[in-house]
$ cat target_10.txt   # compact mmCIF, C-alpha atoms
# COMPACT_ATOMS: atom_id res chain seq x y z
CA MET A 179 19.83 -2.63 -0.08
CA THR A 180 16.78 -1.18 -1.83
CA ARG A 181 17.10 2.58 -1.37
CA ILE A 182 14.53 5.34 -1.81
CA ALA A 183 15.46 7.24 -4.97
CA SER A 184 12.58 9.72 -5.35
CA VAL A 185 9.22 10.76 -3.95
CA ALA A 186 6.53 12.51 -6.02
CA THR A 187 2.85 13.43 -5.79
CA HIS A 188 -0.02 13.50 -8.28
CA VAL A 189 -3.02 15.60 -7.23
CA ILE A 190 -6.30 14.32 -8.66
CA SER A 191 -9.65 16.10 -8.46
CA MET A 192 -12.79 14.85 -10.20
CA PRO A 193 -15.72 17.32 -10.09
CA ARG A 194 -19.03 16.06 -8.72
CA PRO A 195 -22.15 16.53 -10.86
CA GLN A 196 -23.50 18.68 -8.03
CA PRO A 197 -22.06 19.73 -4.64
CA VAL A 198 -23.04 17.64 -1.62
CA TRP A 199 -22.78 18.20 2.12
CA SER A 200 -22.06 16.24 5.23
CA ALA A 201 -23.33 17.83 8.45
CA HIS A 202 -20.06 19.74 8.54
CA GLU A 203 -18.74 20.65 5.11
CA GLU A 204 -19.38 20.89 1.40
CA SER A 205 -17.79 18.61 -1.18
CA LYS A 206 -17.57 19.77 -4.80
CA ALA A 207 -15.20 17.07 -6.05
CA TRP A 208 -13.72 13.66 -5.35
CA ASN A 209 -10.09 14.28 -4.39
CA VAL A 210 -6.98 12.23 -3.71
CA ILE A 211 -3.22 12.74 -3.65
CA LEU A 212 -1.43 9.80 -5.24
CA THR A 213 2.06 9.45 -3.74
CA GLU A 214 4.73 7.73 -5.81
CA VAL A 215 7.97 6.39 -4.30
CA ARG A 216 10.68 4.97 -6.56
CA THR A 217 13.71 2.94 -5.52
CA ASP A 218 17.19 2.74 -6.97
CA ASP A 219 16.53 -0.81 -8.18
CA GLY A 220 13.37 0.00 -10.14
CA LEU A 221 10.54 -0.71 -7.70
CA VAL A 222 7.65 1.75 -7.56
CA GLY A 223 5.16 2.05 -4.72
CA TYR A 224 1.95 4.05 -4.56
CA GLY A 225 0.18 5.56 -1.57
CA GLU A 226 -3.07 7.47 -1.21
CA ILE A 227 -3.65 10.63 0.80
CA HIS A 228 -7.05 12.05 1.66
CA GLY A 229 -6.68 15.47 3.23
CA ALA A 230 -6.55 19.21 2.71
CA PRO A 231 -5.28 21.64 1.71
CA MET A 232 -3.80 19.39 -0.94
CA ALA A 233 -1.14 21.84 -2.11
CA ARG A 234 0.24 22.15 1.41
CA ILE A 235 0.28 18.39 1.94
CA CYS A 236 2.23 18.00 -1.31
CA GLU A 237 4.78 20.50 -0.05
CA TRP A 238 5.33 18.36 3.03
CA VAL A 239 5.62 15.20 0.94
CA SER A 240 8.31 16.93 -1.12
CA ARG A 241 10.22 18.05 1.99
CA PHE A 242 9.97 14.64 3.57
CA GLY A 243 11.01 13.01 0.31
CA ASP A 244 14.28 14.96 0.37
CA ILE A 245 14.89 13.77 3.92
CA VAL A 246 14.28 10.05 3.30
CA CYS A 247 15.98 9.72 -0.09
CA GLY A 248 18.80 7.20 0.26
CA MET A 249 17.16 5.39 3.18
CA ASP A 250 16.32 1.69 2.99
CA ALA A 251 12.91 1.51 1.32
CA LEU A 252 12.12 -1.72 3.18
CA ALA A 253 12.83 -0.16 6.59
CA ASN A 254 9.41 1.51 6.77
CA ILE A 255 9.47 1.82 10.56
CA ALA A 256 12.82 3.62 10.48
CA VAL A 257 11.47 6.00 7.85
CA TRP A 258 8.25 6.55 9.82
CA GLU A 259 10.06 7.24 13.08
CA LYS A 260 12.49 9.66 11.43
CA LEU A 261 9.67 11.71 9.96
CA PHE A 262 7.44 11.54 13.02
CA ALA A 263 10.31 12.75 15.21
CA LEU A 264 10.25 16.01 13.27
CA THR A 265 6.86 16.86 14.80
CA SER A 266 8.37 17.37 18.28
CA PRO A 267 11.29 19.33 19.78
CA ARG A 268 14.65 17.55 20.00
CA PRO A 269 18.10 18.50 21.29
CA GLY A 270 19.80 20.74 18.75
CA GLY A 271 16.68 20.80 16.56
CA ILE A 272 16.29 24.56 16.38
CA GLU A 273 19.91 24.93 15.25
CA GLY A 274 19.65 22.07 12.76
CA ARG A 275 22.83 20.46 14.07
CA ASP A 276 21.60 17.04 12.95
CA GLY A 277 21.03 18.24 9.41
CA LEU A 278 17.24 18.00 9.71
CA PRO A 279 14.57 20.73 9.63
CA PRO A 280 13.51 22.35 12.90
CA PRO A 281 10.42 20.99 14.67
CA LEU A 282 7.38 21.26 12.44
CA PRO A 283 4.89 24.05 13.16
CA ARG A 284 2.14 22.88 15.47
CA GLY A 285 -0.55 24.27 13.17
CA GLU A 286 0.61 22.02 10.31
CA ARG A 287 0.50 18.70 12.09
CA PRO A 288 -2.54 17.39 10.16
CA GLN A 289 -0.88 18.13 6.82
CA ALA A 290 2.46 16.70 7.95
CA MET A 291 0.82 13.52 9.25
CA ALA A 292 -1.06 13.18 5.95
CA ALA A 293 2.26 13.45 4.10
CA ILE A 294 3.76 10.75 6.28
CA ALA A 295 0.74 8.59 5.46
CA GLY A 296 1.25 8.78 1.72
CA ILE A 297 4.95 7.92 1.90
CA ASP A 298 4.39 5.12 4.40
CA ILE A 299 1.64 3.45 2.35
CA ALA A 300 3.84 3.62 -0.75
CA LEU A 301 6.67 1.94 1.18
CA TRP A 302 4.35 -0.90 2.18
CA ASP A 303 3.45 -1.28 -1.48
CA ILE A 304 7.17 -1.51 -2.28
CA LYS A 305 7.72 -3.98 0.56
CA GLY A 306 5.09 -6.30 -0.89
CA LYS A 307 6.47 -5.97 -4.41
CA ALA A 308 10.01 -6.67 -3.21
CA ALA A 309 8.78 -9.87 -1.58
CA ASP A 310 6.46 -10.66 -4.53
CA LEU A 311 3.58 -10.94 -2.05
CA PRO A 312 0.34 -9.06 -1.37
CA VAL A 313 0.63 -6.89 1.73
CA TYR A 314 -1.92 -9.00 3.59
CA CYS A 315 0.16 -12.12 2.88
CA LEU A 316 3.33 -10.34 3.98
CA LEU A 317 1.58 -9.74 7.32
CA GLY A 318 0.50 -13.36 7.67
CA GLY A 319 -3.09 -12.79 6.64
CA GLU A 320 -5.23 -15.20 4.65
CA ASN A 321 -7.19 -13.93 1.66
CA ARG A 322 -10.92 -14.17 2.30
CA PRO A 323 -14.04 -12.14 1.51
CA ILE A 324 -14.15 -8.87 3.47
CA PHE A 325 -17.47 -7.60 4.78
CA THR A 326 -18.14 -4.19 3.22
CA TYR A 327 -20.71 -1.46 3.74
CA ALA A 328 -21.62 1.46 1.48
CA THR A 329 -21.88 5.09 2.56
CA GLY A 330 -24.32 7.55 1.04
CA GLY A 331 -27.05 10.00 1.85
CA TYR A 332 -24.95 13.13 1.57
CA TYR A 333 -27.16 16.18 1.81
CA ARG A 334 -28.30 17.57 -1.55
CA PRO A 335 -30.40 20.65 -2.28
CA ASP A 336 -34.10 19.83 -2.65
CA ALA A 337 -33.64 16.11 -1.92
CA SER A 338 -36.56 14.52 -0.10
CA GLU A 339 -36.57 11.85 2.57
CA ALA A 340 -37.76 9.40 -0.09
CA ASP A 341 -34.80 10.34 -2.32
CA TYR A 342 -32.34 9.35 0.40
CA GLY A 343 -34.22 6.13 0.97
CA ARG A 344 -34.04 5.23 -2.71
CA GLU A 345 -30.34 6.08 -2.82
CA LEU A 346 -29.42 3.69 -0.02
CA ALA A 347 -31.82 1.04 -1.29
CA GLN A 348 -29.80 1.03 -4.51
CA PHE A 349 -26.77 -0.05 -2.50
CA ILE A 350 -28.77 -3.02 -1.25
CA GLU A 351 -29.62 -3.86 -4.85
CA LEU A 352 -25.87 -3.88 -5.63
CA GLY A 353 -25.41 -6.58 -3.00
CA TYR A 354 -24.43 -4.63 0.10
CA ARG A 355 -25.83 -5.90 3.38
CA ALA A 356 -25.02 -2.74 5.32
CA VAL A 357 -25.31 0.96 4.54
CA LYS A 358 -24.32 4.18 6.25
CA LEU A 359 -26.30 7.43 6.13
CA LYS A 360 -24.93 10.93 6.56
CA THR A 361 -26.87 12.61 9.37
CA GLY A 362 -26.70 15.49 11.82
CA ALA A 363 -27.43 18.56 9.68
CA GLY A 364 -31.03 19.01 10.82
CA THR A 365 -33.00 19.05 14.04
CA VAL A 366 -33.27 15.86 16.03
CA ALA A 367 -36.89 15.42 14.92
CA ALA A 368 -36.08 16.03 11.26
CA GLU A 369 -33.16 13.63 11.31
CA ALA A 370 -35.22 10.94 13.02
CA ALA A 371 -37.84 11.24 10.26
CA ARG A 372 -35.17 11.04 7.55
CA ILE A 373 -33.65 7.95 9.17
CA ASP A 374 -37.08 6.34 9.45
CA ALA A 375 -37.59 6.86 5.69
CA VAL A 376 -34.26 5.20 4.92
CA ARG A 377 -34.98 2.24 7.20
CA ARG A 378 -38.34 1.68 5.51
CA ALA A 379 -36.69 1.86 2.08
CA ILE A 380 -33.91 -0.64 2.80
CA GLY A 381 -36.01 -3.05 4.85
CA ASP A 382 -35.46 -4.65 8.22
CA ASP A 383 -32.48 -6.89 7.51
CA PRO A 384 -29.62 -4.62 6.34
CA LEU A 385 -27.43 -2.96 8.94
CA LEU A 386 -27.91 0.81 9.16
CA MET A 387 -25.11 3.01 10.50
CA LEU A 388 -25.24 6.77 11.04
CA ASP A 389 -22.34 9.08 10.21
CA MET A 390 -22.85 12.28 12.17
CA ASN A 391 -19.62 14.16 11.38
CA ALA A 392 -19.33 15.53 14.93
CA ALA A 393 -22.75 17.20 14.86
CA TYR A 394 -23.84 17.28 18.50
CA ASP A 395 -22.97 18.32 22.00
CA LEU A 396 -23.54 15.68 24.65
CA PRO A 397 -27.15 16.45 25.76
CA ASP A 398 -28.41 16.77 22.18
CA CYS A 399 -26.64 13.60 21.15
CA ILE A 400 -28.26 11.64 23.96
CA GLU A 401 -31.63 12.95 22.76
CA PHE A 402 -30.72 11.99 19.19
CA ALA A 403 -29.67 8.47 20.21
CA HIS A 404 -32.97 7.90 22.01
CA ALA A 405 -34.93 9.22 19.01
CA VAL A 406 -33.24 6.93 16.46
CA GLN A 407 -32.86 3.79 18.58
CA PRO A 408 -36.21 2.30 17.38
CA HIS A 409 -34.79 2.16 13.85
CA ARG A 410 -32.22 -0.49 14.84
CA ILE A 411 -29.09 1.60 14.41
CA PHE A 412 -25.85 -0.36 14.25
CA TRP A 413 -23.56 2.47 15.34
CA LEU A 414 -23.28 6.22 15.86
CA GLU A 415 -20.17 7.47 14.08
CA GLU A 416 -18.31 10.62 15.14
CA PRO A 417 -21.31 11.64 17.23
CA LEU A 418 -19.85 14.52 19.29
CA HIS A 419 -18.39 17.93 18.47
CA TRP A 420 -14.71 17.87 17.46
CA TYR A 421 -13.50 19.37 20.75
CA LEU A 422 -15.20 16.83 23.01
CA GLN A 423 -12.95 14.21 24.52
CA PRO A 424 -12.98 10.53 25.60
CA ALA A 425 -14.70 11.43 28.87
CA ASP A 426 -17.64 12.84 26.92
CA PHE A 427 -17.78 9.73 24.71
CA ALA A 428 -17.84 7.59 27.85
CA ARG A 429 -20.87 9.48 29.15
CA LEU A 430 -22.61 9.03 25.80
CA ALA A 431 -21.77 5.32 25.73
CA ALA A 432 -23.34 4.95 29.16
CA ALA A 433 -26.50 6.73 28.01
CA THR A 434 -27.31 4.65 24.91
CA PRO A 435 -27.07 0.98 23.92
CA ILE A 436 -26.13 1.99 20.36
CA PRO A 437 -22.38 1.33 19.87
CA LEU A 438 -20.09 4.27 19.15
CA ALA A 439 -17.60 4.46 16.28
CA HIS A 440 -14.78 6.97 16.05
CA GLY A 441 -11.22 7.50 14.89
CA GLU A 442 -11.00 8.85 11.34
CA ARG A 443 -9.96 12.33 12.49
CA GLU A 444 -7.32 11.13 14.97
CA LEU A 445 -3.69 11.65 14.00
CA THR A 446 -1.93 8.90 15.98
CA ARG A 447 -2.41 5.74 18.00
CA PHE A 448 -2.05 7.69 21.23
CA SER A 449 -5.33 9.59 20.98
CA VAL A 450 -7.07 6.52 19.55
CA ARG A 451 -5.88 4.61 22.62
CA ASP A 452 -7.71 7.04 24.90
CA PHE A 453 -10.97 6.75 22.98
CA ILE A 454 -10.72 2.95 23.23
CA VAL A 455 -9.69 2.71 26.87
CA GLN A 456 -11.58 5.68 28.33
CA GLY A 457 -14.19 6.64 25.75
CA GLY A 458 -16.13 3.43 25.31
CA ILE A 459 -15.96 3.29 21.51
CA ARG A 460 -16.55 -0.16 20.03
CA TYR A 461 -15.50 0.43 16.42
CA VAL A 462 -12.17 2.02 15.51
CA GLN A 463 -12.19 3.91 12.22
CA PHE A 464 -8.60 5.09 11.93
CA ASP A 465 -7.80 6.19 8.38
CA ALA A 466 -4.28 5.29 7.23
CA THR A 467 -4.69 7.52 4.16
CA ARG A 468 -5.52 10.58 6.23
CA SER A 469 -2.76 10.44 8.81
CA ALA A 470 0.28 8.40 9.84
CA GLY A 471 -0.11 5.61 7.29
CA PHE A 472 -0.32 1.83 7.31
CA THR A 473 2.42 1.40 9.92
CA GLU A 474 0.39 3.31 12.50
CA ALA A 475 -2.82 1.57 11.46
CA LEU A 476 -1.20 -1.77 12.26
CA ARG A 477 -0.31 -0.56 15.73
CA ILE A 478 -3.90 0.57 16.27
CA ALA A 479 -5.20 -2.80 15.07
CA GLN A 480 -3.09 -4.53 17.70
CA LEU A 481 -4.35 -2.13 20.36
CA ALA A 482 -7.96 -2.71 19.32
CA GLU A 483 -7.57 -6.49 19.57
CA GLN A 484 -6.18 -6.19 23.08
CA HIS A 485 -9.28 -4.29 24.20
CA GLY A 486 -11.94 -6.27 22.35
CA VAL A 487 -12.71 -3.41 19.96
CA ASN A 488 -13.46 -3.97 16.28
CA LEU A 489 -11.66 -2.46 13.29
CA ALA A 490 -13.77 -0.58 10.75
CA PRO A 491 -11.24 1.53 8.79
CA HIS A 492 -12.43 4.71 7.14
CA THR A 493 -12.64 4.61 3.29
CA ALA A 494 -9.91 3.36 0.87
CA PRO A 495 -10.92 -0.32 1.06
CA GLU A 496 -8.27 -1.23 -1.53
CA VAL A 497 -5.64 -0.28 1.09
CA HIS A 498 -7.43 -0.96 4.36
CA GLY A 499 -8.61 -4.37 3.16
CA HIS A 500 -5.06 -5.65 3.62
CA LEU A 501 -5.11 -4.46 7.23
CA VAL A 502 -8.41 -6.21 7.81
CA LEU A 503 -7.08 -9.50 6.42
CA ALA A 504 -4.10 -9.28 8.76
CA ALA A 505 -6.28 -8.84 11.88
CA PRO A 506 -8.97 -11.54 11.72
CA ARG A 507 -9.88 -11.53 15.42
CA CYS A 508 -10.97 -7.90 15.70
CA VAL A 509 -12.49 -6.90 12.39
CA PHE A 510 -15.89 -5.58 11.36
CA GLY A 511 -15.08 -4.71 7.75
CA VAL A 512 -14.27 -1.90 5.35
CA GLU A 513 -16.11 1.10 3.92
CA SER A 514 -17.06 1.69 0.30
CA HIS A 515 -19.08 4.39 -1.42
CA GLY A 516 -20.91 2.00 -3.71
CA GLY A 517 -19.94 1.21 -7.28
CA PRO A 518 -18.40 3.05 -10.23
CA GLU A 519 -21.34 5.44 -10.58
CA THR A 520 -21.27 6.66 -6.97
CA ASP A 521 -17.50 6.34 -6.41
CA PRO A 522 -15.97 7.09 -9.82
CA LEU A 523 -12.60 8.28 -8.51
CA ALA A 524 -11.86 5.08 -6.60
CA TYR A 525 -12.85 2.95 -9.57
CA GLY A 526 -11.19 5.17 -12.17
CA LEU A 527 -7.84 5.64 -10.45
CA PHE A 528 -6.81 2.00 -10.76
CA ARG A 529 -7.16 -0.32 -13.72
CA GLU A 530 -8.41 -3.13 -11.50
CA HIS A 531 -10.48 -2.55 -8.40
CA PRO A 532 -11.22 -5.18 -5.74
CA MET A 533 -14.41 -6.99 -6.69
CA LEU A 534 -17.63 -6.70 -4.71
CA ARG A 535 -19.77 -9.83 -4.51
CA ASP A 536 -22.62 -10.48 -2.10
CA GLY A 537 -21.69 -7.59 0.17
CA HIS A 538 -18.05 -8.63 0.44
CA LEU A 539 -14.87 -7.24 -1.08
CA HIS A 540 -12.48 -9.67 -2.74
CA LEU A 541 -8.83 -8.68 -3.00
CA GLY A 542 -6.56 -10.24 -5.57
CA ASP A 543 -3.15 -11.84 -5.15
CA ARG A 544 -0.95 -9.28 -6.91
CA PRO A 545 2.12 -8.04 -5.00
CA GLY A 546 1.92 -5.02 -2.73
CA PHE A 547 -1.52 -3.49 -2.62
CA GLY A 548 -2.13 -4.92 -6.09
CA LEU A 549 -3.08 -1.59 -7.63
CA GLU A 550 -2.12 -0.56 -11.15
CA VAL A 551 -2.58 3.16 -11.75
CA ASP A 552 -4.59 4.23 -14.79
CA TRP A 553 -2.42 7.13 -15.96
CA THR A 554 -4.90 8.18 -18.62
CA PHE A 555 -7.43 8.80 -15.84
CA VAL A 556 -4.81 10.58 -13.72
CA ASP A 557 -3.83 12.89 -16.56
CA ARG A 558 -7.46 13.70 -17.27
CA TYR A 559 -8.21 14.82 -13.71
CA ARG A 560 -4.77 15.95 -12.57
CA LEU A 561 -4.54 19.34 -10.84
CA ARG A 562 -1.40 21.08 -12.00
CA PRO A 563 0.52 23.70 -9.99
$ encode --input "target_10.txt" --output "structure tokens"
Amino acid sequence: MTRIASVATHVISMPRPQPVWSAHEESKAWNVILTEVRTDDGLVGYGEIHGAPMARICEWVSRFGDIVCGMDALANIAVWEKLFALTSPRPGGIEGRDGLPPPLPRGERPQAMAAIAGIDIALWDIKGKAADLPVYCLLGGENRPIFTYATGGYYRPDASEADYGRELAQFIELGYRAVKLKTGAGTVAAEAARIDAVRRAIGDDPLLMLDMNAAYDLPDCIEFAHAVQPHRIFWLEEPLHWYLQPADFARLAAATPIPLAHGERELTRFSVRDFIVQGGIRYVQFDATRSAGFTEALRIAQLAEQHGVNLAPHTAPEVHGHLVLAAPRCVFGVESHGGPETDPLAYGLFREHPMLRDGHLHLGDRPGFGLEVDWTFVDRYRLRP
């Protein structure tokens, strides 16, 4: 049996040349937590975590690592279920009669689910390496080009509408056939003008998606959808305020022909299920690196297929690309942030990055997720305790 021997984290933060904003929050750096799981027979797996606060997530990874050490590293579902069970009450849990911590604090569920994600992804990497197969092949998928879009247009001080248009047009010049613009920080009229400038800059053919970062209540979002519809919008992503529920999404879906995309902020398949079944979303953007990991993402992919909904995982294409290849009947594609200049962390973290050609990502055939960490880069941008 291949047993888990140790679990560690490496916190990496690469400062941006200047801060940028989504409609919701400021970003001063590109950040990731690299999770490293080692086995007693020498295998090493790596997972990615995107979440905050990073120090708290690392504390949970450390606690969970102590719990799963000695478990079968190939039994990823058993590991996942053991850790997930800690998020809820259980008989004898408050006394610790089973030797496990008490139920996790409700306020720390996002950080705990992010910690589970990092460990779970690393175990899938180990599973592929143990079998000497890429993860997509382990799942029965066939390697093929993966449709990829590029996200940009983060708000910058003093940037003009033309600046955002030029930025996204550069993605088209790199070969992307679809781009996504950050929106929602201004008035409906101002945002419609900004979107019009981007559409004129990229031309009529590329797909244009809008990432709204939960900017609107329902009436304002209906107004927004009507204002931007002439610009041939492919989807509205995270359109409604964080506290609005599937019923509100269903009302929005009935009010606009523009498809809705959602899922990156959801913690489990259970809430994603409700947005699919009751909320009318047509693109599922669950992020395995933000919560619950690759095991849960697979469950969501199966659920999406059963309801005729497409997969469009949020960020980390080097990980999510394997999921896409394993679910050919219900896939839109994966998200990128452009090339090395606009996404330097993703390209710097690993020695080899999946290749982009003609708007499609091409994964290799190396075992696991096929990612070799560049430790010189890690050491340069590592945040130390």
$ residues_around --input "target_10.txt" --residues "segment 203-206 of chain A" --least-positions-apart "3" --cutoff "10 Å" --atoms "only C-alpha atoms" --output "PyMOL selection string"
chain A and resi 191-200+209+332-334+391
$ closest_residue --input "target_10.txt" --among "A:Glu351, A:Asp426, A:Asp521, A:Asp336" --to "Leu396 of chain A" --atoms "only C-alpha atoms"
A:Asp426
$ residues_around --input "target_10.txt" --residues "segment 496-508 of chain A" --least-positions-apart "5" --cutoff "9 Å" --atoms "all atoms listed in the file" --output "PDB file with C-alpha atoms, in the coordinates of the input"
ATOM      1  CA  GLY A 225       0.180   5.560  -1.570  1.00  0.00           C
ATOM      2  CA  GLU A 226      -3.070   7.470  -1.210  1.00  0.00           C
ATOM      3  CA  ILE A 299       1.640   3.450   2.350  1.00  0.00           C
ATOM      4  CA  PRO A 312       0.340  -9.060  -1.370  1.00  0.00           C
ATOM      5  CA  VAL A 313       0.630  -6.890   1.730  1.00  0.00           C
ATOM      6  CA  TYR A 314      -1.920  -9.000   3.590  1.00  0.00           C
ATOM      7  CA  CYS A 315       0.160 -12.120   2.880  1.00  0.00           C
ATOM      8  CA  LEU A 316       3.330 -10.340   3.980  1.00  0.00           C
ATOM      9  CA  LEU A 317       1.580  -9.740   7.320  1.00  0.00           C
ATOM     10  CA  GLY A 318       0.500 -13.360   7.670  1.00  0.00           C
ATOM     11  CA  GLY A 319      -3.090 -12.790   6.640  1.00  0.00           C
ATOM     12  CA  GLU A 320      -5.230 -15.200   4.650  1.00  0.00           C
ATOM     13  CA  ASN A 321      -7.190 -13.930   1.660  1.00  0.00           C
ATOM     14  CA  ARG A 322     -10.920 -14.170   2.300  1.00  0.00           C
ATOM     15  CA  PRO A 323     -14.040 -12.140   1.510  1.00  0.00           C
ATOM     16  CA  ILE A 324     -14.150  -8.870   3.470  1.00  0.00           C
ATOM     17  CA  ASP A 465      -7.800   6.190   8.380  1.00  0.00           C
ATOM     18  CA  ALA A 466      -4.280   5.290   7.230  1.00  0.00           C
ATOM     19  CA  THR A 467      -4.690   7.520   4.160  1.00  0.00           C
ATOM     20  CA  PHE A 472      -0.320   1.830   7.310  1.00  0.00           C
ATOM     21  CA  ALA A 475      -2.820   1.570  11.460  1.00  0.00           C
ATOM     22  CA  LEU A 476      -1.200  -1.770  12.260  1.00  0.00           C
ATOM     23  CA  ALA A 479      -5.200  -2.800  15.070  1.00  0.00           C
ATOM     24  CA  GLN A 480      -3.090  -4.530  17.700  1.00  0.00           C
ATOM     25  CA  ALA A 482      -7.960  -2.710  19.320  1.00  0.00           C
ATOM     26  CA  GLU A 483      -7.570  -6.490  19.570  1.00  0.00           C
ATOM     27  CA  GLN A 484      -6.180  -6.190  23.080  1.00  0.00           C
ATOM     28  CA  GLY A 486     -11.940  -6.270  22.350  1.00  0.00           C
ATOM     29  CA  VAL A 487     -12.710  -3.410  19.960  1.00  0.00           C
ATOM     30  CA  ASN A 488     -13.460  -3.970  16.280  1.00  0.00           C
ATOM     31  CA  LEU A 489     -11.660  -2.460  13.290  1.00  0.00           C
ATOM     32  CA  ALA A 490     -13.770  -0.580  10.750  1.00  0.00           C
ATOM     33  CA  PRO A 491     -11.240   1.530   8.790  1.00  0.00           C
ATOM     34  CA  GLU A 513     -16.110   1.100   3.920  1.00  0.00           C
ATOM     35  CA  ALA A 524     -11.860   5.080  -6.600  1.00  0.00           C
ATOM     36  CA  HIS A 531     -10.480  -2.550  -8.400  1.00  0.00           C
ATOM     37  CA  PRO A 532     -11.220  -5.180  -5.740  1.00  0.00           C
ATOM     38  CA  LEU A 539     -14.870  -7.240  -1.080  1.00  0.00           C
ATOM     39  CA  HIS A 540     -12.480  -9.670  -2.740  1.00  0.00           C
ATOM     40  CA  LEU A 541      -8.830  -8.680  -3.000  1.00  0.00           C
ATOM     41  CA  PHE A 547      -1.520  -3.490  -2.620  1.00  0.00           C
ATOM     42  CA  GLY A 548      -2.130  -4.920  -6.090  1.00  0.00           C
ATOM     43  CA  LEU A 549      -3.080  -1.590  -7.630  1.00  0.00           C
TER      44      LEU A 549
END
$ closest_residue --input "target_10.txt" --among "A:Arg447, A:Arg377, A:Val366, A:Arg562" --to "Cys236 of chain A" --atoms "all atoms listed in the file"
A:Arg562
$ closest_residue --input "target_10.txt" --among "A:Leu445, A:Val455, A:Ala428, A:Tyr354" --to "Pro288 of chain A" --atoms "only C-alpha atoms"
A:Leu445
$ atom_distance --input "target_10.txt" --atom1 "atom CA of Ala405 of chain A" --atom2 "atom CA of Val376 of chain A"
14.7 Å
$ residues_around --input "target_10.txt" --residues "Arg451 of chain A" --least-positions-apart "6" --cutoff "10 Å" --atoms "only C-alpha atoms" --output "list in words"
Pro424, Gly441, Gly457, Val462, Ile478, Leu481, Ala482 and His485 of chain A
$ closest_residue --input "target_10.txt" --among "A:His515, A:Arg535, A:Arg241, A:His404" --to "Pro495 of chain A" --atoms "all atoms listed in the file"
A:His515
$ atom_distance --input "target_10.txt" --atom1 "atom CA of Ala290 of chain A" --atom2 "atom CA of Leu212 of chain A"
15.4 Å
$ atom_distance --input "target_10.txt" --atom1 "atom CA of Thr361 of chain A" --atom2 "atom CA of Gly331 of chain A"
8.0 Å
$ closest_residue --input "target_10.txt" --among "A:Arg372, A:Arg275, A:His492, A:Arg355" --to "Asp341 of chain A" --atoms "only C-alpha atoms"
A:Arg372
$ residues_around --input "target_10.txt" --residues "Phe262 of chain A" --least-positions-apart "3" --cutoff "9 Å" --atoms "all atoms listed in the file" --output "number ranges by chain"
A: 257-259, 265-266, 290-291, 294, 470
$ closest_residue --input "target_10.txt" --among "A:Arg429, A:Arg529, A:Lys307, A:His409" --to "Pro397 of chain A" --atoms "only C-alpha atoms"
A:Arg429
$ build_atoms --input "target_10.txt" --residues "segment 474-483 of chain A" --atoms "N, CA, C and O atoms" --output "PDB file, in the frame of the given file"
ATOM      1  N   GLU A 474       1.143   2.931  11.304  1.00  0.00           N
ATOM      2  CA  GLU A 474       0.390   3.310  12.500  1.00  0.00           C
ATOM      3  C   GLU A 474      -0.935   2.567  12.581  1.00  0.00           C
ATOM      4  O   GLU A 474      -1.384   2.203  13.674  1.00  0.00           O
ATOM      5  N   ALA A 475      -1.560   2.317  11.450  1.00  0.00           N
ATOM      6  CA  ALA A 475      -2.820   1.570  11.460  1.00  0.00           C
ATOM      7  C   ALA A 475      -2.623   0.162  12.008  1.00  0.00           C
ATOM      8  O   ALA A 475      -3.490  -0.364  12.714  1.00  0.00           O
ATOM      9  N   LEU A 476      -1.502  -0.446  11.696  1.00  0.00           N
ATOM     10  CA  LEU A 476      -1.200  -1.770  12.260  1.00  0.00           C
ATOM     11  C   LEU A 476      -1.085  -1.717  13.773  1.00  0.00           C
ATOM     12  O   LEU A 476      -1.568  -2.614  14.479  1.00  0.00           O
ATOM     13  N   ARG A 477      -0.435  -0.700  14.278  1.00  0.00           N
ATOM     14  CA  ARG A 477      -0.310  -0.560  15.730  1.00  0.00           C
ATOM     15  C   ARG A 477      -1.677  -0.397  16.386  1.00  0.00           C
ATOM     16  O   ARG A 477      -1.950  -0.951  17.458  1.00  0.00           O
ATOM     17  N   ILE A 478      -2.554   0.361  15.733  1.00  0.00           N
ATOM     18  CA  ILE A 478      -3.900   0.570  16.270  1.00  0.00           C
ATOM     19  C   ILE A 478      -4.700  -0.733  16.209  1.00  0.00           C
ATOM     20  O   ILE A 478      -5.487  -1.035  17.121  1.00  0.00           O
ATOM     21  N   ALA A 479      -4.510  -1.513  15.158  1.00  0.00           N
ATOM     22  CA  ALA A 479      -5.200  -2.800  15.070  1.00  0.00           C
ATOM     23  C   ALA A 479      -4.806  -3.710  16.232  1.00  0.00           C
ATOM     24  O   ALA A 479      -5.654  -4.393  16.822  1.00  0.00           O
ATOM     25  N   GLN A 480      -3.542  -3.719  16.566  1.00  0.00           N
ATOM     26  CA  GLN A 480      -3.090  -4.530  17.700  1.00  0.00           C
ATOM     27  C   GLN A 480      -3.684  -4.027  19.008  1.00  0.00           C
ATOM     28  O   GLN A 480      -4.086  -4.819  19.874  1.00  0.00           O
ATOM     29  N   LEU A 481      -3.765  -2.714  19.157  1.00  0.00           N
ATOM     30  CA  LEU A 481      -4.350  -2.130  20.360  1.00  0.00           C
ATOM     31  C   LEU A 481      -5.832  -2.475  20.453  1.00  0.00           C
ATOM     32  O   LEU A 481      -6.345  -2.818  21.531  1.00  0.00           O
ATOM     33  N   ALA A 482      -6.541  -2.401  19.326  1.00  0.00           N
ATOM     34  CA  ALA A 482      -7.960  -2.710  19.320  1.00  0.00           C
ATOM     35  C   ALA A 482      -8.210  -4.153  19.751  1.00  0.00           C
ATOM     36  O   ALA A 482      -9.110  -4.437  20.553  1.00  0.00           O
ATOM     37  N   GLU A 483      -7.399  -5.071  19.209  1.00  0.00           N
ATOM     38  CA  GLU A 483      -7.570  -6.490  19.570  1.00  0.00           C
ATOM     39  C   GLU A 483      -7.401  -6.700  21.063  1.00  0.00           C
ATOM     40  O   GLU A 483      -8.143  -7.460  21.690  1.00  0.00           O
TER      41      GLU A 483
END
